[in-house]
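Pasted below: structure_5.tsv, TSV, C-alpha atoms.
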chain	number	residue	atom	x	y	z
A	23	MET	CA	93.66	-131.13	102.71
A	24	ASP	CA	92.30	-132.87	105.83
A	25	ARG	CA	93.33	-130.02	108.08
A	26	TYR	CA	90.25	-127.87	107.64
A	27	ARG	CA	86.55	-128.45	108.16
A	28	GLY	CA	84.56	-129.65	105.17
A	29	ALA	CA	87.69	-131.10	103.61
A	30	ARG	CA	87.25	-132.77	100.22
A	31	THR	CA	83.60	-131.91	99.67
A	32	ALA	CA	82.74	-130.03	96.48
A	33	VAL	CA	79.60	-128.69	94.81
A	34	ILE	CA	79.85	-128.03	91.08
A	35	VAL	CA	77.27	-125.95	89.20
A	36	GLY	CA	76.82	-127.25	85.66
A	37	ALA	CA	77.26	-130.67	84.06
A	38	GLY	CA	78.96	-129.52	80.89
A	39	MET	CA	82.49	-130.30	79.75
A	40	ALA	CA	84.23	-128.21	82.41
A	41	GLY	CA	81.97	-129.35	85.24
A	42	LEU	CA	82.09	-133.06	84.43
A	43	THR	CA	85.85	-133.05	83.90
A	44	ALA	CA	86.46	-131.20	87.16
A	45	ALA	CA	84.10	-133.55	88.98
A	46	THR	CA	85.85	-136.68	87.73
A	47	ALA	CA	89.33	-135.34	88.45
A	48	LEU	CA	88.35	-134.25	91.98
A	49	ALA	CA	86.51	-137.50	92.75
A	50	ARG	CA	89.51	-139.56	91.66
A	51	ASP	CA	91.57	-137.54	94.12
A	52	GLY	CA	89.28	-138.52	96.98
A	53	TRP	CA	86.77	-135.67	96.97
A	54	GLN	CA	83.05	-136.15	97.55
A	55	VAL	CA	81.49	-134.32	94.62
A	56	GLU	CA	77.94	-133.28	93.76
A	57	ILE	CA	76.86	-131.53	90.57
A	58	ALA	CA	73.80	-129.29	90.32
A	59	GLU	CA	72.64	-129.17	86.69
A	60	ALA	CA	69.70	-126.96	85.71
A	61	GLY	CA	68.89	-128.96	82.58
A	62	PRO	CA	67.19	-132.34	82.34
A	63	LEU	CA	69.09	-135.61	82.02
A	64	GLU	CA	70.91	-136.06	78.71
A	65	ALA	CA	70.05	-132.56	77.50
A	66	THR	CA	72.87	-131.00	75.46
A	67	SER	CA	72.91	-127.96	73.19
A	68	GLY	CA	74.50	-127.82	69.75
A	69	TRP	CA	75.45	-130.59	67.37
A	70	GLY	CA	79.18	-131.00	67.34
A	71	LEU	CA	82.57	-129.65	68.37
A	72	CYS	CA	86.31	-130.14	67.95
A	73	LEU	CA	88.52	-131.76	70.53
A	74	THR	CA	91.81	-130.15	69.58
A	75	GLY	CA	95.15	-131.49	70.79
A	76	PRO	CA	95.00	-129.89	74.26
A	77	SER	CA	91.52	-131.39	74.78
A	78	LEU	CA	92.76	-134.86	73.87
A	79	ARG	CA	95.84	-134.45	76.06
A	80	ALA	CA	93.72	-133.56	79.10
A	81	LEU	CA	91.25	-136.35	78.34
A	82	ASP	CA	94.14	-138.78	77.91
A	83	ALA	CA	95.31	-137.91	81.41
A	84	LEU	CA	91.88	-139.11	82.58
A	85	GLY	CA	92.02	-142.21	80.38
A	86	LEU	CA	89.19	-140.95	78.14
A	87	ALA	CA	90.92	-139.90	74.91
A	88	ASP	CA	90.60	-143.28	73.19
A	89	ALA	CA	86.89	-143.49	74.03
A	90	CYS	CA	86.36	-140.09	72.41
A	91	LEU	CA	88.46	-141.02	69.37
A	92	ALA	CA	86.47	-144.24	68.96
A	93	GLU	CA	83.17	-142.35	69.08
A	94	GLY	CA	84.32	-139.33	67.06
A	95	TYR	CA	86.42	-138.73	63.95
A	96	GLY	CA	90.18	-138.33	64.25
A	97	MET	CA	91.96	-135.83	61.99
A	98	SER	CA	95.08	-133.69	61.84
A	99	THR	CA	94.61	-130.92	59.25
A	100	ILE	CA	92.66	-127.73	58.66
A	101	THR	CA	92.36	-126.83	54.96
A	102	HIS	CA	91.62	-123.20	54.11
A	103	VAL	CA	89.99	-122.57	50.72
A	104	ASP	CA	89.92	-119.12	49.08
A	105	VAL	CA	86.98	-117.22	47.61
A	106	ASN	CA	87.59	-118.87	44.23
A	107	GLY	CA	87.31	-122.36	45.67
A	108	GLU	CA	91.07	-123.05	45.49
A	109	PRO	CA	93.14	-124.38	48.43
A	110	ALA	CA	94.94	-121.44	50.05
A	111	ASP	CA	96.57	-122.86	53.18
A	112	GLU	CA	96.84	-126.05	55.22
A	113	VAL	CA	97.42	-126.14	58.96
A	114	ARG	CA	98.93	-129.41	60.16
A	115	LEU	CA	98.21	-129.61	63.87
A	116	PRO	CA	100.67	-131.02	66.41
A	117	ARG	CA	99.91	-134.55	67.65
A	118	LEU	CA	99.99	-134.18	71.41
A	119	ILE	CA	99.07	-137.74	72.43
A	120	GLY	CA	101.44	-139.66	70.20
A	121	ALA	CA	102.43	-139.91	66.55
A	122	ASP	CA	100.10	-142.88	66.06
A	123	ARG	CA	96.99	-140.98	67.22
A	124	PRO	CA	95.24	-138.03	65.55
A	125	ALA	CA	95.96	-134.40	66.37
A	126	MET	CA	92.27	-133.68	67.06
A	127	ALA	CA	88.82	-135.18	66.79
A	128	GLY	CA	85.41	-133.99	65.75
A	129	ILE	CA	82.67	-135.40	67.96
A	130	ALA	CA	78.94	-134.98	68.45
A	131	ARG	CA	78.14	-133.06	71.63
A	132	PRO	CA	75.69	-135.70	72.94
A	133	VAL	CA	78.34	-138.41	72.45
A	134	LEU	CA	81.03	-136.45	74.32
A	135	HIS	CA	78.54	-135.64	77.07
A	136	ARG	CA	77.72	-139.34	77.44
A	137	VAL	CA	81.41	-140.27	77.77
A	138	LEU	CA	82.13	-137.59	80.37
A	139	TYR	CA	78.89	-138.16	82.28
A	140	ALA	CA	79.41	-141.91	82.54
A	141	GLU	CA	82.97	-141.47	83.80
A	142	ALA	CA	81.86	-138.95	86.43
A	143	GLU	CA	79.26	-141.40	87.72
A	144	ARG	CA	81.80	-144.25	87.72
A	145	SER	CA	84.05	-142.04	89.82
A	146	GLY	CA	81.32	-141.61	92.43
A	147	VAL	CA	80.03	-138.16	91.45
A	148	VAL	CA	76.36	-137.53	92.33
A	149	ILE	CA	74.53	-135.50	89.66
A	150	HIS	CA	71.25	-133.70	90.37
A	151	HIS	CA	69.16	-132.45	87.44
A	152	GLY	CA	66.61	-129.64	87.37
A	153	VAL	CA	68.41	-127.74	90.12
A	154	THR	CA	70.96	-124.93	90.27
A	155	VAL	CA	72.61	-122.68	92.84
A	156	ALA	CA	70.39	-120.00	94.43
A	157	ALA	CA	72.66	-118.48	97.09
A	158	VAL	CA	76.29	-118.69	98.19
A	159	ASP	CA	77.86	-117.58	101.47
A	160	GLN	CA	81.52	-117.99	102.36
A	161	ASP	CA	82.09	-118.72	106.07
A	162	GLY	CA	85.78	-119.15	106.79
A	163	GLU	CA	86.85	-122.42	105.18
A	164	LEU	CA	83.29	-123.46	104.34
A	165	VAL	CA	81.00	-122.44	101.51
A	166	HIS	CA	77.30	-122.49	102.39
A	167	VAL	CA	75.32	-123.27	99.25
A	168	ARG	CA	71.55	-123.05	98.90
A	169	LEU	CA	70.15	-124.81	95.85
A	170	SER	CA	67.06	-123.87	93.88
A	171	ASP	CA	65.11	-126.84	95.29
A	172	GLY	CA	65.48	-125.38	98.79
A	173	THR	CA	68.14	-127.81	100.00
A	174	ALA	CA	71.46	-126.65	101.42
A	175	ARG	CA	75.05	-127.87	101.33
A	176	GLN	CA	78.24	-127.09	103.21
A	177	ALA	CA	81.34	-127.66	101.11
A	178	ALA	CA	85.03	-126.90	101.02
A	179	LEU	CA	84.78	-125.95	97.35
A	180	LEU	CA	82.17	-124.48	95.01
A	181	VAL	CA	82.86	-124.56	91.27
A	182	GLY	CA	80.78	-122.50	88.86
A	183	ALA	CA	80.93	-124.30	85.52
A	184	ASP	CA	77.58	-123.13	84.18
A	185	GLY	CA	78.56	-121.41	80.97
A	186	ILE	CA	78.91	-117.92	79.55
A	187	ARG	CA	75.73	-116.70	81.27
A	188	SER	CA	76.83	-118.19	84.59
A	189	SER	CA	74.48	-117.69	87.53
A	190	ALA	CA	77.25	-118.83	89.87
A	191	ARG	CA	79.51	-116.05	88.60
A	192	GLU	CA	76.80	-113.49	89.31
A	193	LEU	CA	76.16	-114.82	92.82
A	194	LEU	CA	79.87	-114.57	93.57
A	195	GLY	CA	79.95	-110.96	92.44
A	196	LEU	CA	82.43	-111.67	89.64
A	197	GLU	CA	81.45	-109.28	86.86
A	198	THR	CA	82.31	-109.48	83.17
A	199	SER	CA	80.75	-108.27	79.95
A	200	LEU	CA	79.38	-110.51	77.21
A	201	ASP	CA	80.63	-109.11	73.91
A	202	PHE	CA	78.75	-109.64	70.63
A	203	HIS	CA	80.96	-109.51	67.53
A	204	GLY	CA	78.53	-108.85	64.70
A	205	GLN	CA	78.40	-112.49	63.67
A	206	MET	CA	75.82	-115.25	63.78
A	207	VAL	CA	77.15	-118.79	63.47
A	208	TRP	CA	75.12	-121.56	61.82
A	209	ARG	CA	75.54	-125.31	62.20
A	210	ALA	CA	73.73	-128.06	60.31
A	211	LEU	CA	74.12	-131.79	60.89
A	212	VAL	CA	74.75	-133.61	57.57
A	213	PRO	CA	76.15	-136.90	56.22
A	214	ARG	CA	79.95	-136.79	55.98
A	215	PRO	CA	81.18	-136.54	52.36
A	216	PRO	CA	83.96	-139.06	51.57
A	217	TRP	CA	86.46	-136.27	50.83
A	218	ALA	CA	86.03	-134.72	54.29
A	219	THR	CA	88.89	-136.25	56.28
A	220	GLY	CA	89.82	-133.01	58.07
A	221	ILE	CA	88.33	-129.61	58.76
A	222	HIS	CA	87.64	-127.54	55.65
A	223	GLN	CA	87.04	-123.79	55.83
A	224	PHE	CA	85.85	-121.81	52.82
A	225	ALA	CA	86.37	-118.04	52.53
A	226	GLY	CA	83.46	-116.21	50.96
A	227	LYS	CA	82.98	-112.68	49.68
A	228	ALA	CA	80.70	-111.93	52.62
A	229	ASP	CA	80.71	-114.90	54.98
A	230	THR	CA	82.81	-117.94	55.92
A	231	ALA	CA	81.66	-121.56	55.64
A	232	GLY	CA	83.12	-124.94	56.47
A	233	LEU	CA	82.74	-128.58	57.36
A	234	VAL	CA	83.81	-130.57	60.43
A	235	PRO	CA	83.63	-134.41	60.43
A	236	LEU	CA	82.03	-135.88	63.57
A	237	SER	CA	82.14	-139.60	62.80
A	238	ASP	CA	82.49	-141.94	59.84
A	239	SER	CA	78.92	-141.11	58.88
A	240	GLN	CA	78.24	-137.57	60.15
A	241	ALA	CA	79.64	-134.07	59.91
A	242	TYR	CA	78.41	-130.57	60.51
A	243	VAL	CA	78.35	-127.68	58.08
A	244	PHE	CA	79.06	-124.31	59.65
A	245	LEU	CA	78.59	-120.82	58.31
A	246	THR	CA	79.64	-117.59	60.00
A	247	GLU	CA	77.30	-114.80	58.93
A	248	ASN	CA	79.17	-111.49	59.08
A	249	ARG	CA	78.08	-107.94	59.85
A	250	VAL	CA	74.61	-108.79	61.14
A	251	GLU	CA	72.54	-107.83	64.14
A	252	ARG	CA	71.54	-110.38	66.74
A	253	SER	CA	68.20	-111.88	65.81
A	254	VAL	CA	66.08	-115.00	66.19
A	255	LEU	CA	64.59	-116.69	63.14
A	256	PRO	CA	61.59	-119.03	63.08
A	257	ASP	CA	62.65	-122.67	62.76
A	258	ALA	CA	60.93	-122.93	59.37
A	259	GLU	CA	63.26	-120.26	57.95
A	260	LEU	CA	66.56	-121.78	59.04
A	261	VAL	CA	67.21	-124.26	56.23
A	262	PRO	CA	66.07	-121.94	53.39
A	263	ARG	CA	68.12	-119.04	54.78
A	264	LEU	CA	71.24	-121.16	55.20
A	265	ARG	CA	70.90	-122.49	51.66
A	266	ARG	CA	70.73	-118.93	50.33
A	267	LEU	CA	73.82	-117.90	52.27
A	268	LEU	CA	75.75	-120.86	50.84
A	269	GLU	CA	74.73	-120.10	47.22
A	270	VAL	CA	77.56	-117.62	46.67
A	271	PHE	CA	80.35	-120.08	47.51
A	272	PRO	CA	81.99	-122.00	44.63
A	273	GLY	CA	83.35	-125.53	44.47
A	274	ARG	CA	82.59	-128.12	47.11
A	275	VAL	CA	80.26	-125.83	49.05
A	276	GLU	CA	77.63	-126.58	46.43
A	277	GLU	CA	77.66	-130.19	47.64
A	278	LEU	CA	77.33	-128.99	51.22
A	279	ARG	CA	74.41	-126.80	50.22
A	280	SER	CA	72.55	-129.82	48.86
A	281	LEU	CA	73.26	-131.75	52.07
A	282	VAL	CA	71.87	-128.89	54.16
A	283	SER	CA	68.61	-129.14	52.23
A	284	THR	CA	67.79	-132.44	53.90
A	285	SER	CA	69.17	-131.61	57.36
A	286	GLU	CA	66.68	-131.76	60.19
A	287	SER	CA	69.13	-130.23	62.67
A	288	VAL	CA	70.05	-126.59	62.04
A	289	VAL	CA	70.95	-124.05	64.73
A	290	ARG	CA	71.90	-120.34	64.56
A	291	ARG	CA	73.59	-118.58	67.48
A	292	PRO	CA	75.29	-115.21	68.12
A	293	VAL	CA	79.08	-115.16	68.39
A	294	GLN	CA	79.77	-113.88	71.90
A	295	THR	CA	82.91	-113.82	74.02
A	296	ALA	CA	83.72	-113.14	77.65
A	297	PHE	CA	86.86	-112.91	79.73
A	298	LEU	CA	86.82	-112.44	83.49
A	299	GLU	CA	89.41	-109.85	84.48
A	300	GLY	CA	90.94	-110.06	87.93
A	301	ALA	CA	90.24	-112.88	90.39
A	302	TRP	CA	88.31	-115.93	89.25
A	303	ASN	CA	87.48	-116.90	92.82
A	304	ARG	CA	85.84	-115.52	95.94
A	305	GLY	CA	87.23	-117.43	98.90
A	306	ASN	CA	86.69	-121.12	98.24
A	307	SER	CA	84.40	-120.54	95.24
A	308	VAL	CA	85.67	-120.33	91.66
A	309	VAL	CA	84.37	-120.14	88.10
A	310	ILE	CA	85.84	-122.17	85.24
A	311	GLY	CA	85.19	-122.88	81.56
A	312	ASP	CA	82.99	-120.44	79.65
A	313	ALA	CA	81.94	-118.85	82.94
A	314	ALA	CA	85.48	-117.45	83.16
A	315	HIS	CA	86.63	-117.31	79.53
A	316	ALA	CA	84.43	-117.88	76.49
A	317	PRO	CA	86.22	-117.60	73.11
A	318	ALA	CA	84.70	-117.12	69.69
A	319	PRO	CA	84.42	-120.39	67.73
A	320	GLN	CA	87.07	-119.43	65.16
A	321	MET	CA	89.83	-121.31	67.02
A	322	ALA	CA	87.64	-124.36	67.77
A	323	SER	CA	89.27	-124.47	71.21
A	324	GLY	CA	86.56	-123.63	73.73
A	325	ALA	CA	86.32	-127.31	74.61
A	326	ALA	CA	90.09	-127.48	75.09
A	327	LEU	CA	90.06	-124.69	77.66
A	328	ALA	CA	87.07	-126.18	79.49
A	329	VAL	CA	88.50	-129.70	79.77
A	330	GLU	CA	91.93	-128.40	80.74
A	331	ASP	CA	90.35	-126.21	83.43
A	332	GLY	CA	88.74	-129.19	85.13
A	333	LEU	CA	91.96	-131.16	85.25
A	334	VAL	CA	94.22	-128.26	86.31
A	335	LEU	CA	91.74	-127.19	89.00
A	336	ALA	CA	91.81	-130.61	90.65
A	337	ARG	CA	95.60	-130.76	90.51
A	338	GLU	CA	96.07	-127.31	92.05
A	339	VAL	CA	93.65	-127.72	94.96
A	340	GLY	CA	95.22	-131.12	95.59
A	341	ARG	CA	98.74	-129.83	95.99
A	342	HIS	CA	98.11	-126.72	98.12
A	343	ALA	CA	97.54	-126.48	101.87
A	344	THR	CA	94.22	-124.64	101.50
A	345	VAL	CA	91.52	-124.53	98.86
A	346	GLY	CA	91.89	-120.77	98.51
A	347	ALA	CA	95.61	-121.09	97.76
A	348	GLY	CA	94.84	-123.82	95.22
A	349	LEU	CA	92.27	-121.64	93.47
A	350	ARG	CA	94.64	-118.71	93.23
A	351	ALA	CA	97.31	-120.99	91.80
A	352	PHE	CA	94.77	-122.37	89.33
A	353	ALA	CA	93.92	-118.91	88.02
A	354	GLY	CA	97.62	-118.03	87.91
A	355	ARG	CA	98.26	-120.99	85.60
A	356	ARG	CA	95.24	-120.38	83.39
A	357	THR	CA	94.79	-116.62	82.97
A	358	ARG	CA	97.39	-115.86	80.30
A	359	ARG	CA	96.65	-118.97	78.24
A	360	CYS	CA	92.90	-118.40	78.25
A	361	ARG	CA	93.22	-114.67	77.56
A	362	THR	CA	95.45	-115.36	74.55
A	363	LEU	CA	92.96	-117.83	73.10
A	364	VAL	CA	89.98	-115.50	73.59
A	365	GLU	CA	91.80	-112.48	72.15
A	366	THR	CA	93.12	-114.45	69.17
A	367	SER	CA	89.65	-115.79	68.38
A	368	VAL	CA	88.28	-112.23	68.40
A	369	THR	CA	91.10	-111.01	66.12
A	370	ILE	CA	90.32	-113.79	63.65
A	371	ALA	CA	86.61	-112.91	63.76
A	372	ASP	CA	87.50	-109.29	62.95
A	373	LEU	CA	89.76	-110.35	60.07
A	374	GLU	CA	86.98	-112.54	58.66
A	375	GLN	CA	84.59	-109.62	58.64
A	376	ALA	CA	87.21	-107.44	56.91
A	377	GLN	CA	87.74	-110.19	54.27
A	378	ARG	CA	91.40	-110.40	55.28
A	379	HIS	CA	91.43	-114.18	55.37
A	380	ARG	CA	95.09	-114.68	54.46
A	381	GLU	CA	96.10	-112.70	57.52
A	382	ALA	CA	94.02	-115.02	59.69
A	383	TYR	CA	95.60	-118.30	58.52
A	384	PRO	CA	99.00	-117.83	60.23
A	385	LEU	CA	97.22	-116.71	63.40
A	386	VAL	CA	95.27	-119.98	63.47
A	387	ASP	CA	98.51	-121.95	63.04
A	388	SER	CA	100.52	-120.02	65.65
A	389	CYS	CA	97.74	-120.10	68.24
A	390	HIS	CA	97.31	-123.87	67.89
A	391	ARG	CA	101.06	-124.28	68.41
A	392	LEU	CA	100.93	-122.04	71.46
A	393	MET	CA	98.05	-124.11	72.83
A	394	ALA	CA	100.16	-127.22	72.29
A	395	GLU	CA	102.45	-126.09	75.10
A	396	PRO	CA	101.75	-127.59	78.55
A	397	ALA	CA	98.63	-126.26	80.24
How does this structure look as structure tokens?
Amino acid sequence: MDRYRGARTAVIVGAGMAGLTAATALARDGWQVEIAEAGPLEATSGWGLCLTGPSLRALDALGLADACLAEGYGMSTITHVDVNGEPADEVRLPRLIGADRPAMAGIARPVLHRVLYAEAERSGVVIHHGVTVAAVDQDGELVHVRLSDGTARQAALLVGADGIRSSARELLGLETSLDFHGQMVWRALVPRPPWATGIHQFAGKADTAGLVPLSDSQAYVFLTENRVERSVLPDAELVPRLRRLLEVFPGRVEELRSLVSTSESVVRRPVQTAFLEGAWNRGNSVVIGDAAHAPAPQMASGAALAVEDGLVLAREVGRHATVGAGLRAFAGRRTRRCRTLVETSVTIADLEQAQRHREAYPLVDSCHRLMAEPA
């Protein structure tokens, strides 16, 4: 990689999971890395997520899996419950980092962000907040980057890791649609009930609800509201509306409904997906994570794709003679896997809305097993 000008200098747009993982992996391989993050320090969106087996495997390669397991809640099963409140199916997930460690972990987003951020800084990554990319120009083996604060950089590599509404993707002229699927997903931070030692998902006659443990003391309730238009509700209406939506579920959901009543952290977001067809790069610039492939939440694997992307990207640019060749190889390794995950998540969303839950269960199982294969 020393053969061309600007060797081993990278600018990454976005300090989320994909951006921080890529930054750490590149820095450990000798790259000088800067991140431009539009948000303020320690700002994260959402309350919690799942680190499925592929996430933990990629994090383990960076020596971070145990830190995440210590901060989160390890588990290995997904229990599906039918509309009558009776167990209908159990998915036992493959343990990808050893039989003595969990198959996956629930973790609070701010906690995961802190782990990844600290490791990036320890690896020598410089992170700038309140700034993003404003212009990009490819000049041979160099990428000229102008940031929103007026400063400029010359780098061998630009990585757009700034989410589903990526500004980097737009500046690179990489076009994709954002598809809304007629669902709004709710999440509420609650105390973890003692019985919640894995993910529970409850089929309803109209919607789908569930619970994901995040730590010994916390979990989040989720509800997928089906066949609705995109809308924004006043904050004061969130808890009462979520309680009403949960009223129709039997069994343990009644306990979750009472926990939601006291939650001070409730969010409601549209279910959107994106998949970038064709090239993911322009010259020495590339998009990764949700900027390239954003699944619906039904497979709980968006984090897995993002973390894997960062690690695979660093490995591919490290083993090719040019950055451009490395980026093409990266996309070649990732396209089919990411497309399958996005398409499967959309199929499951459609089955949920058609109340065909039993057809969705084997899809969840088979897709997790497919994702267990090497990235």
Nearest residue to A:His151 out of A:Leu81, A:Glu59, A:Met39, A:Val243, using all atoms listed in the file?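 With all atoms listed in the file as the atom set, the closest residue is A:Glu59.
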Closest to A:Val288 among A:Asp161, A:Ala210, A:Thr173, A:Gln240, using all atoms listed in the file?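 Among the listed residues, A:Ala210 lies closest to A:Val288.
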Interatomic distance, atom CA of A:Thr295 to atom CA of A:Leu335 (Å, one decimal):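 We find that atom CA of A:Thr295 and atom CA of A:Leu335 lie 21.9 Å from each other.
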Looking at A:Ala241, A:Ala87, A:Ala258, A:Ala328, which one is nearest to A:Pro215, with distances taken over only C-alpha atoms?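 That would be A:Ala241, the residue with the smallest distance to A:Pro215.
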Which residue, A:Arg175, A:Arg50, A:Arg291, A:Arg337, has the smallest gap to A:Val158 when you use all atoms listed in the file?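 Result for the nearest residue to A:Val158: A:Arg175.
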Of the candidates A:Thr46, A:Thr74, A:Gln54, A:Gln223, which shows the shortest atom-to-atom distance to A:Gly107, using all atoms listed in the file?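 The shortest atom-to-atom distance to A:Gly107 comes from A:Gln223.
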Around the point (98.6, -124.0, 92.3) (coordinates from the file), which residues reach within 10 Å if we count only C-alpha atoms? Answer as a PyMOL selection string. chain A and resi 334-343+345-355
For atom CA of A:Pro292 and atom CA of A:Ala322, quote the distance in Å rounded to one decimal.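 Interatomic distance here is 15.4 Å.
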Quick one: everything within 8 Å of A:Ala228, counting all atoms listed in the file, minus sequence neighbours fewer than 3 positions away in the same chain. Send it as a PyMOL selection string. chain A and resi 247-248+375+377
Just the residues within 10 Å of A:Gly70, please, counting all atoms listed in the file, with nothing from its chain fewer than 3 positions along; format it as a ChimeraX atom specification. /A:67,73,94,128-134,209-211,234-236,240-243
At a cut-off of 12 Å, using only C-alpha atoms, what residues contact A:Ala29? Leave out same-chain residues fewer than 3 positions from it and give the result as a list in words.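 Here the qualifying residues turn out to be Met23, Asp24, Arg25, Tyr26, Ala32, Gly52, Trp53, Gln54, Val55, Glu163, Leu164, Val165, Gln176, Ala177, Ala178, Leu179, Asn306, Val339, Gly340, Ala343, Thr344 and Val345 of chain A.
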Residues near stretch 137-143 of chain A, anyone? I mean within 7 Å using only C-alpha atoms, not counting same-chain ones fewer than 5 positions away, as a list in words. Leu42, Thr43, Ala45, Thr46 and Val148 of chain A
Taking C-alpha atoms for each residue, export the selection above as a tab-separated table (two decimals), keeping the file's coordinate frame.
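Heads up, here's the output in part-v9.tsv:
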chain	number	residue	atom	x	y	z
A	42	LEU	CA	82.09	-133.06	84.43
A	43	THR	CA	85.85	-133.05	83.90
A	45	ALA	CA	84.10	-133.55	88.98
A	46	THR	CA	85.85	-136.68	87.73
A	148	VAL	CA	76.36	-137.53	92.33
Separation of atom CA of A:Val103 from atom CA of A:Arg274, in Å and rounded to one decimal: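 The value is 9.9 Å.
With distances restricted to all atoms listed in the file, A:Ser77 is the closest residue to A:Gly324 from A:Ser77, A:Pro62, A:Asp51, A:Thr198.
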Considering all atoms listed in the file, return as a VMD selection string whatever protein or nucleic-acid residues lie within 10 Å of A:Ala318, sequence-local ones (same chain, fewer than 4 positions apart) excluded. chain A and resid 201 to 203 205 207 292 to 296 322 to 324 363 to 371
